[in-house]
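S.K.: Structure in structure tokens, see below.
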Amino acid sequence: MNMKRGLMILSLGAAVALGGFGSGQAFFNSPLAANSHYRPINFGMGYEMYVDLSSLETVKDDGQGWIFKVNLFRSPEDSGNIEGTYTLTYKVAHGQAWLYNDSTHSWQEIPMRKKEIKHNQIADFVAVNLCYKQKTGQYLNDDYGYAKGMERYYKGE
């Protein structure tokens with residue numbers, strides 16, 4: 001699953017890495033972008049990637065940190081079709097976030113305070129911020145606008 005996920009993130013992040021958020025192209029025009037449960041988190045190479053906020057499930061919340069699971073999926077651009085759904089586990093504590101790696105049974109840090117994050121980290125960065133906002137009403141850390149940049153593509157109310 002991690003190799004497949006890695007290849008998908010790599011391809012989806014290519015457009016962001018090469019063109020950034022400032023391009024004039026309109027992304028996320030499928031009906032999925034209007035669904036209040038689905039929020040865009042990345043795009044590229046003919047695919048869109050979403051987090052399903054309705055699937056957000058707290059595993060642990062002890063005041064020291066929050067561990068949660070959430071479903072991500074991809075969709076061929078503008079198709080409205082969902083494919084490649086998988087569940088990821090994240091941890092948030094002290095303003096930082098991690099992704100659980102099933103194959104190594106360890107936590108991988110998501111850089112939450114860097115100005116420039118790698119294209120293969122954008123989907124996780126945005127997903128964590130949107131899930132944290134769903135829980136608390138604010139972003140964990142979006143000082144450089146990655147989550148706001150993707151959230152502008154949400155077409156719902």
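Going by the structure tokens order, chains are called A, B, ..., each with residues numbered from 1, while ligands are numbered from 1 in the order shown.
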Residues within 7 Å of range 82-97 of chain A, please, as a PyMOL selection string. Count only C-alpha atoms; anything in the same chain fewer than 6 positions from it doesn't count.

M.R.: chain A and resi 64-75+109-110+112+140

S.K.: Within 9 Å of Lys114 in chain A, counting only C-alpha atoms, which residues show up once you throw out same-chain ones fewer than 2 positions away? Write them as a list of chain:residue names, please.

M.R.: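 Skipping anything fewer than 2 positions along the chain leaves A:Pro111, A:Met112, A:Glu116, A:Ile117, A:Asp143, A:Tyr144.
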
S.K.: Next, write the just-selected residues to a file, as a PDB file, in the first residue's frame, keeping N, CA and C atoms as the atom set.

M.R.:
```
ATOM      1  N   PRO A 111       6.447  17.699   7.737  1.00  0.00           N
ATOM      2  CA  PRO A 111       6.996  19.020   8.068  1.00  0.00           C
ATOM      3  C   PRO A 111       5.897  20.086   8.067  1.00  0.00           C
ATOM      4  N   MET A 112       5.513  20.517   9.255  1.00  0.00           N
ATOM      5  CA  MET A 112       4.406  21.463   9.389  1.00  0.00           C
ATOM      6  C   MET A 112       4.874  22.916   9.449  1.00  0.00           C
ATOM      7  N   GLU A 116       8.835  25.611   2.281  1.00  0.00           N
ATOM      8  CA  GLU A 116       8.699  24.794   1.082  1.00  0.00           C
ATOM      9  C   GLU A 116       8.715  23.330   1.489  1.00  0.00           C
ATOM     10  N   ILE A 117       7.591  22.671   1.279  1.00  0.00           N
ATOM     11  CA  ILE A 117       7.531  21.248   1.577  1.00  0.00           C
ATOM     12  C   ILE A 117       7.630  20.472   0.271  1.00  0.00           C
ATOM     13  N   ASP A 143       0.987  28.449   7.874  1.00  0.00           N
ATOM     14  CA  ASP A 143       1.649  29.745   7.745  1.00  0.00           C
ATOM     15  C   ASP A 143       1.928  30.135   6.295  1.00  0.00           C
ATOM     16  N   TYR A 144       2.165  29.159   5.437  1.00  0.00           N
ATOM     17  CA  TYR A 144       2.534  29.456   4.058  1.00  0.00           C
ATOM     18  C   TYR A 144       1.413  29.195   3.061  1.00  0.00           C
TER      19      TYR A 144
END
```

S.K.: Could you go through chain A and tell me which residues DSSP, when run on the backbone, assigns to strand (DSSP E), listing them as a PyMOL selection string?

M.R.: chain A and resi 38-44+47-61+66-76+83-93+96-101+106-110

S.K.: Pick the closest to Glu48 in chain A from A:Met150, A:Gly63, A:Ser106, A:Asn141: which is it, counting only C-alpha atoms?

M.R.: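 Answer, going by the shortest atom-to-atom distance: A:Met150.
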
S.K.: Measuring atom to atom with only C-alpha atoms, identify which of A:Gly44, A:Gly137, A:Pro76, A:Pro31 is nearest to Lys155 in chain A.

M.R.: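 With only C-alpha atoms as the atom set, the closest residue is A:Pro31.
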
S.K.: May I have all residues of range 7-149 of chain A that DSSP, computed from the backbone, assigns to helix (DSSP H, G or I), given as a count of residues only?

M.R.: 39

S.K.: Quick one, how far is CA of His119 in chain A from CA of Thr58 in chain A?

M.R.: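 According to the coordinates, CA of His119 in chain A and CA of Thr58 in chain A are separated by 26.9 Å.
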
S.K.: Considering only C-alpha atoms, return as a ChimeraX atom specification whatever protein or nucleic-acid residues lie within 12 Å of Ala33 in chain A, sequence-local ones (same chain, fewer than 2 positions apart) excluded.

M.R.: /A:26-31,35-42,48-52,74-75,77-82,150-157

S.K.: Just checking: using only C-alpha atoms, which residue out of A:Thr136, A:Cys131, A:Tyr100, A:Tyr146 ends up closest to Lys118 in chain A?

M.R.: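 Using only C-alpha atoms, the shortest distance to Lys118 in chain A belongs to A:Tyr146.
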